[in-house]
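Participant: Input: one structure, supplied below.
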Amino acid sequence: MRTVGILLAAGASRRFGDADKLLAEARGRPLVSHAARALADVLPERVAVVSSAEVGAVLAGFRLVRIPPGSAQSRALHAGLAA
């Protein structure tokens, strides 16, 4: 059986204000990179579902799946599972 980590990183961050929550700095790195590192530490095969090139650029070592900005969370999950 194949195990793949899926990182859903396509949210609109509406409650976070004008900034992109995924790219906000936390301990010197973009917030999304902390979740990415946690997945990378335990799973060699990883997929990230993103809606922006900026977030995708932070996720080295992940196979990227792009979805349109503003897509529903269920669409992001479906895209990750289909990858």
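Starting from 1 in every chain, residues are counted up; chains themselves are A, B, ... following the order of the structure tokens, and ligands are numbered from 1 as listed.
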Skipping near chain neighbours, those fewer than 6 positions away, what residues fall within 12 Å of Val42 (chain A) using only C-alpha atoms, listed as a ChimeraX atom specification?
Facilitator: /A:3-5,35-36
Participant: Please, could you write that set of residues out with C-alpha atoms as an mmCIF file, in the first residue's frame?
Facilitator:
```cif
data_model
loop_
_atom_site.group_PDB
_atom_site.id
_atom_site.type_symbol
_atom_site.label_atom_id
_atom_site.label_comp_id
_atom_site.auth_asym_id
_atom_site.auth_seq_id
_atom_site.Cartn_x
_atom_site.Cartn_y
_atom_site.Cartn_z
ATOM 1 C CA THR A 3 1.085 6.241 1.693
ATOM 2 C CA VAL A 4 1.177 9.850 0.523
ATOM 3 C CA GLY A 5 0.997 12.985 2.645
ATOM 4 C CA ALA A 35 3.545 22.000 8.227
ATOM 5 C CA ALA A 36 5.544 20.992 5.148
#
```
Participant: Near Gln73 (chain A), counting only C-alpha atoms, which residues have an atom at most 10 Å away, once you skip same-chain residues fewer than 3 positions from it, shown as a list of chain:residue names?
Facilitator: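 So the residues in contact are A:Leu8, A:Ala9, A:Ala10, A:Gly11, A:Ala12, A:Gly70, A:Ala76, A:Leu77, A:His78, A:Ala79.
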Participant: Just C-alpha atoms for this one: save the residues we selected as a PDB file, in the first residue's frame.
Facilitator:
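The resulting file, selection04.pdb, is shown below:
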```pdb
ATOM      1  CA  LEU A   8      -3.915  21.454   1.788  1.00  0.00           C
ATOM      2  CA  ALA A   9      -2.367  24.888   1.256  1.00  0.00           C
ATOM      3  CA  ALA A  10      -4.921  26.643  -0.923  1.00  0.00           C
ATOM      4  CA  GLY A  11      -7.010  28.541   1.606  1.00  0.00           C
ATOM      5  CA  ALA A  12      -8.006  32.146   1.067  1.00  0.00           C
ATOM      6  CA  GLY A  70     -11.370  30.657  -3.978  1.00  0.00           C
ATOM      7  CA  ALA A  76      -8.730  20.947  -2.585  1.00  0.00           C
ATOM      8  CA  LEU A  77      -9.124  17.609  -0.814  1.00  0.00           C
ATOM      9  CA  HIS A  78     -10.444  15.944  -3.963  1.00  0.00           C
ATOM     10  CA  ALA A  79      -7.520  17.337  -5.999  1.00  0.00           C
TER      11      ALA A  79
END
```
Participant: Could you pull the residues within 12 Å of Arg37 (chain A), counting only C-alpha atoms, minus those fewer than 6 positions along the same chain, as number ranges by chain?
Facilitator: A: 5, 7, 29-31, 43-44, 46, 58-62
Participant: Report, in Å with one decimal, the straight-line distance from CA of Pro69 (chain A) to CA of Ser51 (chain A).
Facilitator: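 Going from CA of Pro69 (chain A) over to CA of Ser51 (chain A), I get 5.1 Å.
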Participant: Could you give me the residues within chain A that DSSP places in strand (DSSP E), as a ChimeraX atom specification?
Facilitator: /A:5-9,25-26,29-30,46-50,63-66
Participant: Take the residues from that selection and write them out as a PDB file, in the first residue's frame, keeping C-alpha atoms.
Facilitator:
```pdb
ATOM      1  CA  GLY A   5       0.997  12.985   2.645  1.00  0.00           C
ATOM      2  CA  ILE A   6      -1.398  15.653   1.380  1.00  0.00           C
ATOM      3  CA  LEU A   7      -0.888  19.255   2.451  1.00  0.00           C
ATOM      4  CA  LEU A   8      -3.915  21.454   1.788  1.00  0.00           C
ATOM      5  CA  ALA A   9      -2.367  24.888   1.256  1.00  0.00           C
ATOM      6  CA  GLU A  25       6.511  34.547   9.072  1.00  0.00           C
ATOM      7  CA  ALA A  26       6.613  32.265  12.112  1.00  0.00           C
ATOM      8  CA  ARG A  29       9.987  30.887   8.086  1.00  0.00           C
ATOM      9  CA  PRO A  30       6.670  31.000   6.244  1.00  0.00           C
ATOM     10  CA  ARG A  46       4.086  14.325  -0.543  1.00  0.00           C
ATOM     11  CA  VAL A  47       1.508  16.334  -2.476  1.00  0.00           C
ATOM     12  CA  ALA A  48       0.587  19.954  -1.813  1.00  0.00           C
ATOM     13  CA  VAL A  49      -2.613  21.484  -3.117  1.00  0.00           C
ATOM     14  CA  VAL A  50      -2.022  25.199  -3.703  1.00  0.00           C
ATOM     15  CA  ARG A  63       4.428  17.438  -5.996  1.00  0.00           C
ATOM     16  CA  LEU A  64       2.224  20.490  -6.552  1.00  0.00           C
ATOM     17  CA  VAL A  65      -1.398  20.434  -7.622  1.00  0.00           C
ATOM     18  CA  ARG A  66      -2.865  23.832  -8.555  1.00  0.00           C
TER      19      ARG A  66
END
```
Participant: In Å, how far is it from CA of Ala72 (chain A) to CA of Ala38 (chain A)?
Facilitator: 24.5 Å
Participant: Going by DSSP on the backbone, which bits of chain A are alpha helix (DSSP H)? Write them as an MDAnalysis selection string, please.
Facilitator: chainID A and resid 31:42 53:58 73:82
Participant: Output the selection as a PDB file, in the first residue's frame - N, CA and C atoms for each residue.
Facilitator:
```
ATOM      1  N   LEU A  31       4.741  30.257   7.501  1.00  0.00           N
ATOM      2  CA  LEU A  31       3.949  29.336   8.312  1.00  0.00           C
ATOM      3  C   LEU A  31       3.741  27.990   7.620  1.00  0.00           C
ATOM      4  N   VAL A  32       3.463  28.008   6.326  1.00  0.00           N
ATOM      5  CA  VAL A  32       3.217  26.758   5.602  1.00  0.00           C
ATOM      6  C   VAL A  32       4.444  25.844   5.610  1.00  0.00           C
ATOM      7  N   SER A  33       5.626  26.408   5.715  1.00  0.00           N
ATOM      8  CA  SER A  33       6.833  25.573   5.701  1.00  0.00           C
ATOM      9  C   SER A  33       6.951  24.719   6.961  1.00  0.00           C
ATOM     10  N   HIS A  34       6.346  25.151   8.063  1.00  0.00           N
ATOM     11  CA  HIS A  34       6.374  24.343   9.290  1.00  0.00           C
ATOM     12  C   HIS A  34       5.552  23.058   9.096  1.00  0.00           C
ATOM     13  N   ALA A  35       4.364  23.186   8.514  1.00  0.00           N
ATOM     14  CA  ALA A  35       3.545  22.000   8.227  1.00  0.00           C
ATOM     15  C   ALA A  35       4.231  21.118   7.190  1.00  0.00           C
ATOM     16  N   ALA A  36       4.852  21.749   6.197  1.00  0.00           N
ATOM     17  CA  ALA A  36       5.544  20.992   5.148  1.00  0.00           C
ATOM     18  C   ALA A  36       6.699  20.186   5.730  1.00  0.00           C
ATOM     19  N   ARG A  37       7.453  20.785   6.620  1.00  0.00           N
ATOM     20  CA  ARG A  37       8.583  20.078   7.232  1.00  0.00           C
ATOM     21  C   ARG A  37       8.096  18.899   8.076  1.00  0.00           C
ATOM     22  N   ALA A  38       7.001  19.093   8.799  1.00  0.00           N
ATOM     23  CA  ALA A  38       6.462  18.001   9.617  1.00  0.00           C
ATOM     24  C   ALA A  38       6.076  16.808   8.739  1.00  0.00           C
ATOM     25  N   LEU A  39       5.457  17.074   7.596  1.00  0.00           N
ATOM     26  CA  LEU A  39       5.122  15.982   6.670  1.00  0.00           C
ATOM     27  C   LEU A  39       6.380  15.352   6.082  1.00  0.00           C
ATOM     28  N   ALA A  40       7.328  16.180   5.698  1.00  0.00           N
ATOM     29  CA  ALA A  40       8.561  15.679   5.077  1.00  0.00           C
ATOM     30  C   ALA A  40       9.351  14.793   6.037  1.00  0.00           C
ATOM     31  N   ASP A  41       9.247  15.066   7.324  1.00  0.00           N
ATOM     32  CA  ASP A  41       9.971  14.267   8.315  1.00  0.00           C
ATOM     33  C   ASP A  41       9.447  12.836   8.414  1.00  0.00           C
ATOM     34  N   VAL A  42       8.199  12.608   8.019  1.00  0.00           N
ATOM     35  CA  VAL A  42       7.619  11.274   8.203  1.00  0.00           C
ATOM     36  C   VAL A  42       7.182  10.577   6.911  1.00  0.00           C
ATOM     37  N   ALA A  53       1.142  30.602  -6.820  1.00  0.00           N
ATOM     38  CA  ALA A  53       2.526  30.245  -7.144  1.00  0.00           C
ATOM     39  C   ALA A  53       3.459  30.591  -5.996  1.00  0.00           C
ATOM     40  N   GLU A  54       3.141  31.641  -5.251  1.00  0.00           N
ATOM     41  CA  GLU A  54       3.990  32.056  -4.131  1.00  0.00           C
ATOM     42  C   GLU A  54       4.059  30.975  -3.060  1.00  0.00           C
ATOM     43  N   VAL A  55       2.930  30.376  -2.743  1.00  0.00           N
ATOM     44  CA  VAL A  55       2.919  29.289  -1.753  1.00  0.00           C
ATOM     45  C   VAL A  55       3.638  28.072  -2.326  1.00  0.00           C
ATOM     46  N   GLY A  56       3.393  27.750  -3.566  1.00  0.00           N
ATOM     47  CA  GLY A  56       4.058  26.615  -4.203  1.00  0.00           C
ATOM     48  C   GLY A  56       5.567  26.739  -4.196  1.00  0.00           C
ATOM     49  N   ALA A  57       6.071  27.957  -4.322  1.00  0.00           N
ATOM     50  CA  ALA A  57       7.517  28.181  -4.351  1.00  0.00           C
ATOM     51  C   ALA A  57       8.185  27.817  -3.030  1.00  0.00           C
ATOM     52  N   VAL A  58       7.443  27.819  -1.956  1.00  0.00           N
ATOM     53  CA  VAL A  58       7.980  27.515  -0.626  1.00  0.00           C
ATOM     54  C   VAL A  58       8.043  26.006  -0.381  1.00  0.00           C
ATOM     55  N   GLN A  73     -12.920  23.979   0.068  1.00  0.00           N
ATOM     56  CA  GLN A  73     -11.982  23.063   0.708  1.00  0.00           C
ATOM     57  C   GLN A  73     -12.170  21.636   0.194  1.00  0.00           C
ATOM     58  N   SER A  74     -13.404  21.261  -0.097  1.00  0.00           N
ATOM     59  CA  SER A  74     -13.649  19.914  -0.614  1.00  0.00           C
ATOM     60  C   SER A  74     -12.979  19.712  -1.972  1.00  0.00           C
ATOM     61  N   ARG A  75     -12.903  20.763  -2.774  1.00  0.00           N
ATOM     62  CA  ARG A  75     -12.219  20.655  -4.070  1.00  0.00           C
ATOM     63  C   ARG A  75     -10.722  20.439  -3.861  1.00  0.00           C
ATOM     64  N   ALA A  76     -10.154  21.122  -2.881  1.00  0.00           N
ATOM     65  CA  ALA A  76      -8.730  20.947  -2.585  1.00  0.00           C
ATOM     66  C   ALA A  76      -8.457  19.512  -2.144  1.00  0.00           C
ATOM     67  N   LEU A  77      -9.300  18.982  -1.283  1.00  0.00           N
ATOM     68  CA  LEU A  77      -9.124  17.609  -0.814  1.00  0.00           C
ATOM     69  C   LEU A  77      -9.262  16.625  -1.973  1.00  0.00           C
ATOM     70  N   HIS A  78     -10.247  16.823  -2.805  1.00  0.00           N
ATOM     71  CA  HIS A  78     -10.444  15.944  -3.963  1.00  0.00           C
ATOM     72  C   HIS A  78      -9.225  15.999  -4.885  1.00  0.00           C
ATOM     73  N   ALA A  79      -8.695  17.191  -5.131  1.00  0.00           N
ATOM     74  CA  ALA A  79      -7.520  17.337  -5.999  1.00  0.00           C
ATOM     75  C   ALA A  79      -6.314  16.616  -5.410  1.00  0.00           C
ATOM     76  N   GLY A  80      -6.141  16.710  -4.092  1.00  0.00           N
ATOM     77  CA  GLY A  80      -5.030  16.020  -3.445  1.00  0.00           C
ATOM     78  C   GLY A  80      -5.162  14.513  -3.530  1.00  0.00           C
ATOM     79  N   LEU A  81      -6.358  14.007  -3.325  1.00  0.00           N
ATOM     80  CA  LEU A  81      -6.581  12.562  -3.404  1.00  0.00           C
ATOM     81  C   LEU A  81      -6.425  12.047  -4.831  1.00  0.00           C
ATOM     82  N   ALA A  82      -6.805  12.855  -5.806  1.00  0.00           N
ATOM     83  CA  ALA A  82      -6.704  12.444  -7.208  1.00  0.00           C
ATOM     84  C   ALA A  82      -5.265  12.436  -7.704  1.00  0.00           C
TER      85      ALA A  82
END
```
